Number of protein chains: 2
Amino acid sequence: MEKKLAELKQRLLEASDLNAAAAVLGWDQAVYMPPGGAASRGRHLATLSKLSQEKATDPAIGKLLDELEPYAASLDPDSDDARFITVSRRNYEKAVKVPPALVGELSQNGAVSYGVWAEARPKNDFAATQPYLEKTLDLSRRLANCFPGYDHIADPLIDFQDYGMKASSIRALFAELREQLVPLVHTVTSQESIDDACLHEHFPENDQKAFGEKVIRAYGYDFHRGRQDKTHHPFATKFGWGDVRITTRFKENDLGEGLFSTLHESGHAMYEQGINPDYEGGSLDGGVSAGVHESQSRLWENLVGRSLPFWEHYYPQLQATFPAQLGRVSLEKFYRAINKVQRSLIRTDADEVTYNLHVMIRFDLEMQLLEGSLAVKDLPEAWHARYESDLGLRAPGDENGVLQDVHWYSGLIGGVFQGYTLGNIMSGLFFSQALQAHPNITEEMRQGQFGTLHGWLKENIYRHGSKYTADELIQRVTGGPLTIAPYMHYLRTKFGALYGV
Amino acid sequence: MEKKLAELKQRLLEASDLNAAAAVLGWDQAVYMPPGGAASRGRHLATLSKLSQEKATDPAIGKLLDELEPYAASLDPDSDDARFITVSRRNYEKAVKVPPALVGELSQNGAVSYGVWAEARPKNDFAATQPYLEKTLDLSRRLANCFPGYDHIADPLIDFQDYGMKASSIRALFAELREQLVPLVHTVTSQESIDDACLHEHFPENDQKAFGEKVIRAYGYDFHRGRQDKTHHPFATKFGWGDVRITTRFKENDLGEGLFSTLHESGHAMYEQGINPDYEGGSLDGGVSAGVHESQSRLWENLVGRSLPFWEHYYPQLQATFPAQLGRVSLEKFYRAINKVQRSLIRTDADEVTYNLHVMIRFDLEMQLLEGSLAVKDLPEAWHARYESDLGLRAPGDENGVLQDVHWYSGLIGGVFQGYTLGNIMSGLFFSQALQAHPNITEEMRQGQFGTLHGWLKENIYRHGSKYTADELIQRVTGGPLTIAPYMHYLRTKFGALYGV
């Protein structure tokens, strides 16, 4: 049986190696590829994806899984091998339900649609994207329908990103969050606005980069097993346990842009760097869900990186880096500036308090599109209407309206947004657990030390990779199910103090 | 039949896509990969190589080739399709003769051996590499023996790099060259030595880089379809018609190092950029042989880049870039410095006149190793003995002796060195043909213009890719076989003038 298990692992490793190669090609495409490389790069990626899919759905894997069934049953169900077999079976059964032709169509449509969107957005031209988005909606429905028996058509798509979640459970969670968040947004945005002009001086890029890298090195991001490069849209990517990279972008007139994107991506990357190296290239490798992944990026970006204790340590160093720009700006003023709350149009620029409202708008619109209660042609106006009702703002056009996020235009509608808010909720939950276990974490932050926090996250979250589902992980860490209470408590305490309410 | 041909092309394209992906991974490994990435990168590359080999040797390809035989016979033998089928068959028949297990062994041994060498060289420790080199020699022989019926055991290995060449034909050519070269080396190195101290001032790296890139842009290297990065060992690499990259290295106390390596690699890259884009990913894609490839790099590096007309144009610009270092150095002094001839120990640092002696030493030793007349353990002393007899020098140790070149330690002995000298010979041949066709090329060089030369090379060499064999290409361009006469004429004229002999 050990031999069969080894064969299963070897087969899955080959598929994983092809995916890792594709990840390198994707990184290069976003970071260094010359313009002329686009055409052949698309073909290379399609070939790698097709072959990886063939490997992952090879009937030999199904046969091995069947043969390993009694063996798995004989193991400790919490052992790595038992979990490996369980997760492998889940992945395999999902993968074989999607016809290769549909996988190809999804991938091709995604690539074409992305290209159309990238041209259409600066021209404010939603109409150009509409037929591709309609195709995307059709393909997304067809993908969902490969998994009959769902309660809601979005469920299979949500399941890809946040296994265990459903439209109904997310709606319930989001409704509860919304009920508490809306009054908080209202209270905070009724106060005097914070002046954040100090973040919009001129900050030379190289100094920003060096400062950000100093911080994430202190966080625990391992540059021996990673690096940071510049790109248009920041991301983290993993090629193996020993090579987890991040990208960032800088604006010389906006200090927050580069710094907080670096802190954010370092959170994703530390999660991947912290996974048990024995899992490399197997079914237990990789962060377990979009939500848990986002919880790690948001934790290091916001709960640590926008906290007062953190800046009590780092602000003098930041002032020393930018004496002309920040030398006469007090810590308090700076801390308030990086935590300014305001109703705004762009999700990625949103503060911690309003951010989830942006996500909920997108999630609700996705559901309506998939249900058929909203047509793609009516999407721009539906977008504007929700922004007016939820945030009291209307974008002057679609560029900063429905065209602002790449997700739907990359080829899938459904399941692609809820992870952001799940991540915020979980970041509050996990951080409060870490503080309960180690109250000295706050004092360490005040000294620019993060070893206890990083160690706790590694021990309780990172190292497990995909061994436990998100639900199981939360249960193990907190002894209960996902709850918004610690996150709302965090927001109320922090922003209550900041805005004196 | 067109359908079968399309299927053949599609199958080969998938193998090519995997190779292109491997090339991206190899580039990244040499240029940006963090140290921690090495282990998984090796595995990714091994998987890609294995799958590509499986695709390229799929019996379905043999069947398609058989079925296409009558169709190919019905075509104009010089048509792209006829040539595609011919070259595909040649590649396929070679590939299927090598058992996959041997391919795997070669690749694995190469990776291990390279690692051992990289550690052993700075320690001057040949003994550490000896067992790996013995294994490499054994594997190289086994590889050659997959192709029974050869005249010399090196022939199949030479054939991989320089199709159509054999040990006997190279020996005859090299003997002729040697007969004329040795007296020239003797004459030139008997003259007063040239002072090249002006190349060893301090030249800031960024200025070197900008200057080199200005030159190769003028040459015709297309940065829209390429880029230059820094690496330990310069190389050119192709991911597709639209993405052909080069790497270089700089020494701030040696102006020639970075500049001429940039010009050299741009020659390789312009060749690949100039291939008919319709050939992308097929059997006619890629330069035709190691020799022809090297002829293009050496042509742009030496026959153009170390010529007086070239520097009549560029030297004032170089002086303007480095006024403190070169402002008071005359053009003549600089031109002499970059063409200094001297007996030396290191091939890659050798001048145009002595370079081929270095190559011949390696070629002869390879032959002896393969024939069994030289044992690996006796290689270091054989190396020293040849350097003493041919160049009058003995390296103080093996670091700058038999350990200096990576080639053998990368996992193959045989066929890996002759291309350098074939390239030099061909560079003289091709350049003289271009000048005969367009005598204005020299005057254009004097004005920093290279369009006529680049156009001629593209028309006569680049665009054909692998459509014609090296022999056919030379026949088409010159109307005759490969001859050393133009190359020797070039060397005698240039260095005769430089040394007044």
# chains A, B, ... in the order shown; residues from 1 in each chain; ligands from 1

call {"tool": "interface_residues", "arguments": {"of": "chain A", "to": "chain B", "cutoff": "8 Å", "atoms": "only C-alpha atoms", "output": "ChimeraX atom specification"}}
result
/A:14,17-18,20-22,24-25,33-41,43-44,47-48,223-227,239-243

call {"tool": "closest_atom_pairs", "arguments": {"of": "region 280-391 of chain A", "to": "region 251-274 of chain A", "cutoff": "12 Å", "atoms": "only C-alpha atoms", "output": "tab-separated table"}}
result
residue	atom	partner	partner_atom	distance
A:Glu280	CA	A:Glu272	CA	10.2
A:Gly281	CA	A:Glu272	CA	11.9
A:Leu284	CA	A:Glu272	CA	11.5
A:Asp285	CA	A:Glu272	CA	8.4
A:Gly286	CA	A:Glu272	CA	6.2
A:Gly287	CA	A:Glu272	CA	6.5
A:Val288	CA	A:Tyr271	CA	10.1
A:Ser289	CA	A:His268	CA	11.5
A:Ala290	CA	A:His268	CA	10.3
A:Gly291	CA	A:His268	CA	11.1
A:Val292	CA	A:Tyr271	CA	9.5
A:His293	CA	A:His268	CA	6.1
A:Glu294	CA	A:His268	CA	7.0
A:Ser295	CA	A:Gly267	CA	8.5
A:Gln296	CA	A:Gly267	CA	5.1
A:Ser297	CA	A:Gly267	CA	3.9
A:Arg298	CA	A:His264	CA	6.0
A:Leu299	CA	A:Gly267	CA	7.3
A:Trp300	CA	A:Gly267	CA	5.6
A:Glu301	CA	A:His264	CA	4.7
A:Asn302	CA	A:His264	CA	8.2
A:Leu303	CA	A:His264	CA	10.8
A:Val304	CA	A:Leu263	CA	9.3
A:Gly305	CA	A:Leu263	CA	7.0
A:Arg306	CA	A:Phe260	CA	8.6
A:Leu318	CA	A:Leu255	CA	10.6
A:Phe322	CA	A:Leu255	CA	10.5
A:Gln325	CA	A:Leu255	CA	10.6
A:Leu326	CA	A:Leu255	CA	10.9
A:Phe334	CA	A:Gly256	CA	11.0
A:Tyr335	CA	A:Gly256	CA	11.6
A:Ala337	CA	A:Gly256	CA	9.7
A:Ile338	CA	A:Gly256	CA	7.2
A:Asn339	CA	A:Gly256	CA	10.3
A:Lys340	CA	A:Gly256	CA	11.5
A:Thr348	CA	A:Glu257	CA	9.7
A:Asp349	CA	A:Glu257	CA	8.4
A:Ala350	CA	A:Glu257	CA	11.4
A:Asp351	CA	A:Gly256	CA	11.3

call {"tool": "write_last_selection", "arguments": {"atoms": "N, CA and C atoms", "output": "mmCIF file, in the first residue's frame"}}
result
data_model
loop_
_atom_site.group_PDB
_atom_site.id
_atom_site.type_symbol
_atom_site.label_atom_id
_atom_site.label_comp_id
_atom_site.auth_asym_id
_atom_site.auth_seq_id
_atom_site.Cartn_x
_atom_site.Cartn_y
_atom_site.Cartn_z
ATOM 1 N N GLU A 280 5.262 19.526 0.232
ATOM 2 C CA GLU A 280 5.550 20.188 -1.041
ATOM 3 C C GLU A 280 5.028 19.415 -2.263
ATOM 4 N N GLY A 281 4.261 20.136 -3.066
ATOM 5 C CA GLY A 281 3.797 19.582 -4.339
ATOM 6 C C GLY A 281 2.702 18.548 -4.197
ATOM 7 N N LEU A 284 -1.764 18.378 0.243
ATOM 8 C CA LEU A 284 -1.861 19.157 1.489
ATOM 9 C C LEU A 284 -1.080 20.459 1.392
ATOM 10 N N ASP A 285 -0.409 20.681 0.265
ATOM 11 C CA ASP A 285 0.369 21.899 0.082
ATOM 12 C C ASP A 285 -0.573 23.053 -0.252
ATOM 13 N N GLY A 286 -0.145 24.262 0.049
ATOM 14 C CA GLY A 286 -0.922 25.443 -0.314
ATOM 15 C C GLY A 286 -1.898 25.838 0.785
ATOM 16 N N GLY A 287 -2.171 27.116 0.884
ATOM 17 C CA GLY A 287 -3.148 27.603 1.856
ATOM 18 C C GLY A 287 -4.503 26.972 1.606
ATOM 19 N N VAL A 288 -5.313 26.837 2.669
ATOM 20 C CA VAL A 288 -6.492 25.982 2.578
ATOM 21 C C VAL A 288 -7.668 26.619 1.859
ATOM 22 N N SER A 289 -7.814 27.943 1.949
ATOM 23 C CA SER A 289 -8.963 28.582 1.293
ATOM 24 C C SER A 289 -8.656 30.045 1.055
ATOM 25 N N ALA A 290 -9.462 30.647 0.180
ATOM 26 C CA ALA A 290 -9.286 32.074 -0.105
ATOM 27 C C ALA A 290 -9.438 32.882 1.174
ATOM 28 N N GLY A 291 -10.420 32.526 1.978
ATOM 29 C CA GLY A 291 -10.672 33.275 3.200
ATOM 30 C C GLY A 291 -9.519 33.187 4.182
ATOM 31 N N VAL A 292 -9.045 31.974 4.445
ATOM 32 C CA VAL A 292 -7.937 31.831 5.390
ATOM 33 C C VAL A 292 -6.697 32.543 4.846
ATOM 34 N N HIS A 293 -6.477 32.431 3.537
ATOM 35 C CA HIS A 293 -5.316 33.124 2.959
ATOM 36 C C HIS A 293 -5.414 34.624 3.180
ATOM 37 N N GLU A 294 -6.575 35.157 2.877
ATOM 38 C CA GLU A 294 -6.759 36.602 3.029
ATOM 39 C C GLU A 294 -6.658 37.017 4.497
ATOM 40 N N SER A 295 -7.039 36.125 5.395
ATOM 41 C CA SER A 295 -6.919 36.475 6.819
ATOM 42 C C SER A 295 -5.467 36.743 7.184
ATOM 43 N N GLN A 296 -4.557 36.006 6.559
ATOM 44 C CA GLN A 296 -3.144 36.180 6.881
ATOM 45 C C GLN A 296 -2.582 37.465 6.301
ATOM 46 N N SER A 297 -3.027 37.813 5.086
ATOM 47 C CA SER A 297 -2.536 39.054 4.492
ATOM 48 C C SER A 297 -3.103 40.261 5.233
ATOM 49 N N ARG A 298 -4.367 40.189 5.596
ATOM 50 C CA ARG A 298 -5.001 41.323 6.268
ATOM 51 C C ARG A 298 -4.480 41.468 7.706
ATOM 52 N N LEU A 299 -4.193 40.337 8.325
ATOM 53 C CA LEU A 299 -3.675 40.394 9.697
ATOM 54 C C LEU A 299 -2.373 41.202 9.736
ATOM 55 N N TRP A 300 -1.449 40.875 8.834
ATOM 56 C CA TRP A 300 -0.147 41.559 8.848
ATOM 57 C C TRP A 300 -0.245 42.970 8.278
ATOM 58 N N GLU A 301 -1.169 43.169 7.345
ATOM 59 C CA GLU A 301 -1.333 44.517 6.778
ATOM 60 C C GLU A 301 -2.001 45.444 7.792
ATOM 61 N N ASN A 302 -3.111 44.990 8.370
ATOM 62 C CA ASN A 302 -3.953 45.890 9.158
ATOM 63 C C ASN A 302 -3.807 45.729 10.663
ATOM 64 N N LEU A 303 -4.037 44.495 11.143
ATOM 65 C CA LEU A 303 -4.081 44.344 12.601
ATOM 66 C C LEU A 303 -2.710 44.565 13.213
ATOM 67 N N VAL A 304 -1.656 44.266 12.442
ATOM 68 C CA VAL A 304 -0.306 44.605 12.877
ATOM 69 C C VAL A 304 0.134 45.931 12.246
ATOM 70 N N GLY A 305 0.100 45.984 10.898
ATOM 71 C CA GLY A 305 0.759 47.064 10.162
ATOM 72 C C GLY A 305 0.084 48.421 10.240
ATOM 73 N N ARG A 306 -1.153 48.468 10.662
ATOM 74 C CA ARG A 306 -1.807 49.776 10.868
ATOM 75 C C ARG A 306 -2.123 50.007 12.343
ATOM 76 N N LEU A 318 10.753 55.520 10.140
ATOM 77 C CA LEU A 318 10.171 56.055 8.903
ATOM 78 C C LEU A 318 10.483 57.546 8.785
ATOM 79 N N PHE A 322 12.453 59.505 5.826
ATOM 80 C CA PHE A 322 11.854 60.632 5.096
ATOM 81 C C PHE A 322 11.775 61.861 6.004
ATOM 82 N N GLN A 325 9.815 64.955 4.712
ATOM 83 C CA GLN A 325 8.386 64.768 4.525
ATOM 84 C C GLN A 325 7.653 64.535 5.845
ATOM 85 N N LEU A 326 8.293 63.810 6.775
ATOM 86 C CA LEU A 326 7.564 63.386 7.977
ATOM 87 C C LEU A 326 8.174 63.891 9.279
ATOM 88 N N PHE A 334 0.222 60.777 12.040
ATOM 89 C CA PHE A 334 0.508 59.759 11.027
ATOM 90 C C PHE A 334 -0.402 58.542 11.208
ATOM 91 N N TYR A 335 -0.531 58.114 12.469
ATOM 92 C CA TYR A 335 -1.360 56.939 12.768
ATOM 93 C C TYR A 335 -2.813 57.190 12.350
ATOM 94 N N ALA A 337 -3.717 59.255 9.972
ATOM 95 C CA ALA A 337 -3.750 59.360 8.502
ATOM 96 C C ALA A 337 -3.844 57.976 7.855
ATOM 97 N N ILE A 338 -3.078 57.012 8.371
ATOM 98 C CA ILE A 338 -3.104 55.689 7.725
ATOM 99 C C ILE A 338 -4.359 54.903 8.095
ATOM 100 N N ASN A 339 -5.171 55.463 8.977
ATOM 101 C CA ASN A 339 -6.413 54.781 9.354
ATOM 102 C C ASN A 339 -7.649 55.626 9.059
ATOM 103 N N LYS A 340 -7.490 56.557 8.128
ATOM 104 C CA LYS A 340 -8.608 57.426 7.753
ATOM 105 C C LYS A 340 -9.755 56.607 7.157
ATOM 106 N N THR A 348 -9.978 48.568 -3.590
ATOM 107 C CA THR A 348 -8.601 48.327 -3.138
ATOM 108 C C THR A 348 -8.031 49.506 -2.359
ATOM 109 N N ASP A 349 -8.646 50.689 -2.477
ATOM 110 C CA ASP A 349 -8.183 51.837 -1.695
ATOM 111 C C ASP A 349 -8.977 52.001 -0.401
ATOM 112 N N ALA A 350 -9.950 51.134 -0.184
ATOM 113 C CA ALA A 350 -10.864 51.360 0.943
ATOM 114 C C ALA A 350 -10.198 51.079 2.281
ATOM 115 N N ASP A 351 -10.643 51.779 3.297
ATOM 116 C CA ASP A 351 -10.164 51.590 4.657
ATOM 117 C C ASP A 351 -10.767 50.315 5.246
#

call {"tool": "select_by_dssp", "arguments": {"residues": "region 326-476 of chain A", "states": "helix (DSSP H, G or I)", "output": "JSON, numbers by chain"}}
result
{"A": [326, 331, 332, 333, 334, 335, 336, 337, 347, 348, 349, 355, 356, 357, 358, 359, 360, 361, 362, 363, 364, 365, 366, 367, 368, 369, 370, 371, 376, 377, 378, 379, 380, 381, 382, 383, 384, 385, 386, 387, 388, 389, 390, 391, 408, 409, 410, 418, 419, 420, 421, 422, 423, 424, 425, 426, 427, 428, 429, 430, 431, 432, 433, 434, 435, 436, 437, 441, 442, 443, 444, 445, 446, 451, 452, 453, 454, 455, 456, 457, 458, 459, 460, 462, 463, 464, 470, 471, 472, 473, 474, 475, 476]}

call {"tool": "closest_residue", "arguments": {"among": "B:Leu379, B:Ile425, B:Ala236, B:Ala154", "to": "Leu403 (chain B)", "atoms": "only C-alpha atoms"}}
result
B:Leu379

call {"tool": "residues_around", "arguments": {"residues": "region 448-458 of chain B", "least_positions_apart": "5", "cutoff": "6 Å", "atoms": "only C-alpha atoms", "output": "number ranges by chain"}}
result
B: 219, 274, 313, 463

call {"tool": "closest_residue", "arguments": {"among": "B:Arg386, B:Arg141, B:Lys97, B:His438", "to": "Asp364 (chain B)", "atoms": "only C-alpha atoms"}}
result
B:Arg386

call {"tool": "residues_around", "arguments": {"residues": "Gln436 (chain A)", "least_positions_apart": "4", "cutoff": "12 Å", "atoms": "only C-alpha atoms", "output": "PyMOL selection string"}}
result
chain A and resi 429-432+440-442+453+456+477-478+486

call {"tool": "write_last_selection", "arguments": {"atoms": "N, CA and C atoms", "output": "PDB file, in the first residue's frame"}}
result
ATOM      1  N   LEU A 429     -10.538  37.159  14.221  1.00  0.00           N
ATOM      2  CA  LEU A 429     -10.685  35.957  15.045  1.00  0.00           C
ATOM      3  C   LEU A 429      -9.322  35.368  15.424  1.00  0.00           C
ATOM      4  N   PHE A 430      -8.483  35.187  14.442  1.00  0.00           N
ATOM      5  CA  PHE A 430      -7.174  34.575  14.700  1.00  0.00           C
ATOM      6  C   PHE A 430      -6.303  35.479  15.570  1.00  0.00           C
ATOM      7  N   PHE A 431      -6.334  36.768  15.272  1.00  0.00           N
ATOM      8  CA  PHE A 431      -5.475  37.684  16.028  1.00  0.00           C
ATOM      9  C   PHE A 431      -5.888  37.715  17.498  1.00  0.00           C
ATOM     10  N   SER A 432      -7.191  37.702  17.743  1.00  0.00           N
ATOM     11  CA  SER A 432      -7.631  37.732  19.145  1.00  0.00           C
ATOM     12  C   SER A 432      -7.218  36.447  19.864  1.00  0.00           C
ATOM     13  N   ASN A 440       1.749  39.079  25.457  1.00  0.00           N
ATOM     14  CA  ASN A 440       2.958  39.888  25.240  1.00  0.00           C
ATOM     15  C   ASN A 440       3.163  40.286  23.783  1.00  0.00           C
ATOM     16  N   ILE A 441       2.324  39.778  22.885  1.00  0.00           N
ATOM     17  CA  ILE A 441       2.480  40.100  21.460  1.00  0.00           C
ATOM     18  C   ILE A 441       2.434  41.614  21.230  1.00  0.00           C
ATOM     19  N   THR A 442       1.524  42.300  21.932  1.00  0.00           N
ATOM     20  CA  THR A 442       1.417  43.756  21.749  1.00  0.00           C
ATOM     21  C   THR A 442       2.711  44.450  22.161  1.00  0.00           C
ATOM     22  N   LEU A 453       4.145  36.146  17.569  1.00  0.00           N
ATOM     23  CA  LEU A 453       2.972  36.116  16.693  1.00  0.00           C
ATOM     24  C   LEU A 453       3.216  35.199  15.489  1.00  0.00           C
ATOM     25  N   TRP A 456       3.174  31.629  16.552  1.00  0.00           N
ATOM     26  CA  TRP A 456       1.819  31.133  16.848  1.00  0.00           C
ATOM     27  C   TRP A 456       1.065  30.841  15.536  1.00  0.00           C
ATOM     28  N   VAL A 477      -8.486  26.099  16.311  1.00  0.00           N
ATOM     29  CA  VAL A 477      -7.827  27.277  16.873  1.00  0.00           C
ATOM     30  C   VAL A 477      -8.680  27.930  17.946  1.00  0.00           C
ATOM     31  N   THR A 478     -10.010  27.994  17.718  1.00  0.00           N
ATOM     32  CA  THR A 478     -10.854  28.786  18.618  1.00  0.00           C
ATOM     33  C   THR A 478     -11.793  27.936  19.454  1.00  0.00           C
ATOM     34  N   PRO A 486     -15.084  38.861  17.371  1.00  0.00           N
ATOM     35  CA  PRO A 486     -13.762  39.460  17.640  1.00  0.00           C
ATOM     36  C   PRO A 486     -13.403  40.527  16.598  1.00  0.00           C
TER      37      PRO A 486
END

call {"tool": "residues_around", "arguments": {"residues": "Lys3 (chain B)", "least_positions_apart": "3", "cutoff": "12 Å", "atoms": "only C-alpha atoms", "output": "PyMOL selection string"}}
result
chain B and resi 6-10+64+67-68+71

call {"tool": "write_last_selection", "arguments": {"atoms": "C-alpha atoms", "output": "CSV table (one decimal), in the first residue's frame"}}
result
chain,number,residue,atom,x,y,z
B,6,ALA,CA,-1.4,19.9,-38.8
B,7,GLU,CA,-1.6,17.1,-36.2
B,8,LEU,CA,2.1,16.5,-36.4
B,9,LYS,CA,2.8,20.2,-36.0
B,10,GLN,CA,0.4,20.4,-33.0
B,64,LEU,CA,2.2,10.4,-38.7
B,67,GLU,CA,1.9,8.5,-43.3
B,68,LEU,CA,3.2,11.8,-44.5
B,71,TYR,CA,2.9,13.6,-49.3

call {"tool": "select_by_dssp", "arguments": {"residues": "region 29-249 of chain A", "states": "strand (DSSP E)", "output": "ChimeraX atom specification"}}
result
/A:228-230,236-240,243-248

call {"tool": "atom_distance", "arguments": {"atom1": "CA of Glu444 (chain A)", "atom2": "CA of Asn460 (chain A)"}}
result
19.2 Å

call {"tool": "atom_distance", "arguments": {"atom1": "CA of Ile216 (chain A)", "atom2": "CA of Ala23 (chain A)"}}
result
22.6 Å

call {"tool": "decode", "arguments": {"residues": "region 234-284 of chain B", "atoms": "C-alpha atoms", "output": "PDB file, in the first residue's frame"}}
result
ATOM      1  CA  PRO B 234      26.109  35.332 -19.942  1.00  0.00           C
ATOM      2  CA  PHE B 235      23.753  33.541 -22.317  1.00  0.00           C
ATOM      3  CA  ALA B 236      20.962  34.117 -24.820  1.00  0.00           C
ATOM      4  CA  THR B 237      17.683  32.243 -24.507  1.00  0.00           C
ATOM      5  CA  LYS B 238      14.502  32.030 -26.528  1.00  0.00           C
ATOM      6  CA  PHE B 239      10.962  31.514 -25.289  1.00  0.00           C
ATOM      7  CA  GLY B 240       9.286  32.369 -28.585  1.00  0.00           C
ATOM      8  CA  TRP B 241       9.699  34.571 -31.642  1.00  0.00           C
ATOM      9  CA  GLY B 242       8.520  37.494 -29.551  1.00  0.00           C
ATOM     10  CA  ASP B 243      10.723  36.868 -26.509  1.00  0.00           C
ATOM     11  CA  VAL B 244      14.454  36.308 -26.974  1.00  0.00           C
ATOM     12  CA  ARG B 245      16.484  37.453 -23.989  1.00  0.00           C
ATOM     13  CA  ILE B 246      20.126  37.977 -23.225  1.00  0.00           C
ATOM     14  CA  THR B 247      22.072  38.155 -19.998  1.00  0.00           C
ATOM     15  CA  THR B 248      25.407  39.712 -19.251  1.00  0.00           C
ATOM     16  CA  ARG B 249      27.799  40.430 -16.422  1.00  0.00           C
ATOM     17  CA  PHE B 250      29.854  43.498 -15.650  1.00  0.00           C
ATOM     18  CA  LYS B 251      33.184  44.097 -14.031  1.00  0.00           C
ATOM     19  CA  GLU B 252      33.642  47.691 -13.006  1.00  0.00           C
ATOM     20  CA  ASN B 253      37.410  47.383 -13.457  1.00  0.00           C
ATOM     21  CA  ASP B 254      37.203  45.738 -16.879  1.00  0.00           C
ATOM     22  CA  LEU B 255      35.269  47.564 -19.578  1.00  0.00           C
ATOM     23  CA  GLY B 256      35.583  44.755 -22.099  1.00  0.00           C
ATOM     24  CA  GLU B 257      33.926  42.097 -19.957  1.00  0.00           C
ATOM     25  CA  GLY B 258      30.382  43.460 -20.005  1.00  0.00           C
ATOM     26  CA  LEU B 259      30.473  45.259 -23.330  1.00  0.00           C
ATOM     27  CA  PHE B 260      31.726  42.435 -25.506  1.00  0.00           C
ATOM     28  CA  SER B 261      29.593  39.862 -23.745  1.00  0.00           C
ATOM     29  CA  THR B 262      26.562  42.046 -24.505  1.00  0.00           C
ATOM     30  CA  LEU B 263      27.547  42.341 -28.170  1.00  0.00           C
ATOM     31  CA  HIS B 264      28.220  38.591 -28.327  1.00  0.00           C
ATOM     32  CA  GLU B 265      24.888  37.543 -26.860  1.00  0.00           C
ATOM     33  CA  SER B 266      23.029  40.060 -29.002  1.00  0.00           C
ATOM     34  CA  GLY B 267      24.366  38.177 -32.024  1.00  0.00           C
ATOM     35  CA  HIS B 268      22.878  34.918 -30.792  1.00  0.00           C
ATOM     36  CA  ALA B 269      19.646  36.704 -29.968  1.00  0.00           C
ATOM     37  CA  MET B 270      19.283  38.554 -33.297  1.00  0.00           C
ATOM     38  CA  TYR B 271      19.643  35.210 -35.060  1.00  0.00           C
ATOM     39  CA  GLU B 272      16.697  33.805 -33.087  1.00  0.00           C
ATOM     40  CA  GLN B 273      14.689  37.018 -33.396  1.00  0.00           C
ATOM     41  CA  GLY B 274      15.198  36.931 -37.143  1.00  0.00           C
ATOM     42  CA  ILE B 275      13.830  33.444 -37.772  1.00  0.00           C
ATOM     43  CA  ASN B 276      10.656  33.231 -39.840  1.00  0.00           C
ATOM     44  CA  PRO B 277       7.854  33.637 -37.259  1.00  0.00           C
ATOM     45  CA  ASP B 278       5.833  30.978 -39.081  1.00  0.00           C
ATOM     46  CA  TYR B 279       8.359  28.445 -37.823  1.00  0.00           C
ATOM     47  CA  GLU B 280       7.629  29.191 -34.149  1.00  0.00           C
ATOM     48  CA  GLY B 281       7.687  26.096 -31.979  1.00  0.00           C
ATOM     49  CA  GLY B 282       8.226  23.753 -34.914  1.00  0.00           C
ATOM     50  CA  SER B 283      11.088  21.681 -36.246  1.00  0.00           C
ATOM     51  CA  LEU B 284      12.399  24.549 -38.391  1.00  0.00           C
TER      52      LEU B 284
END
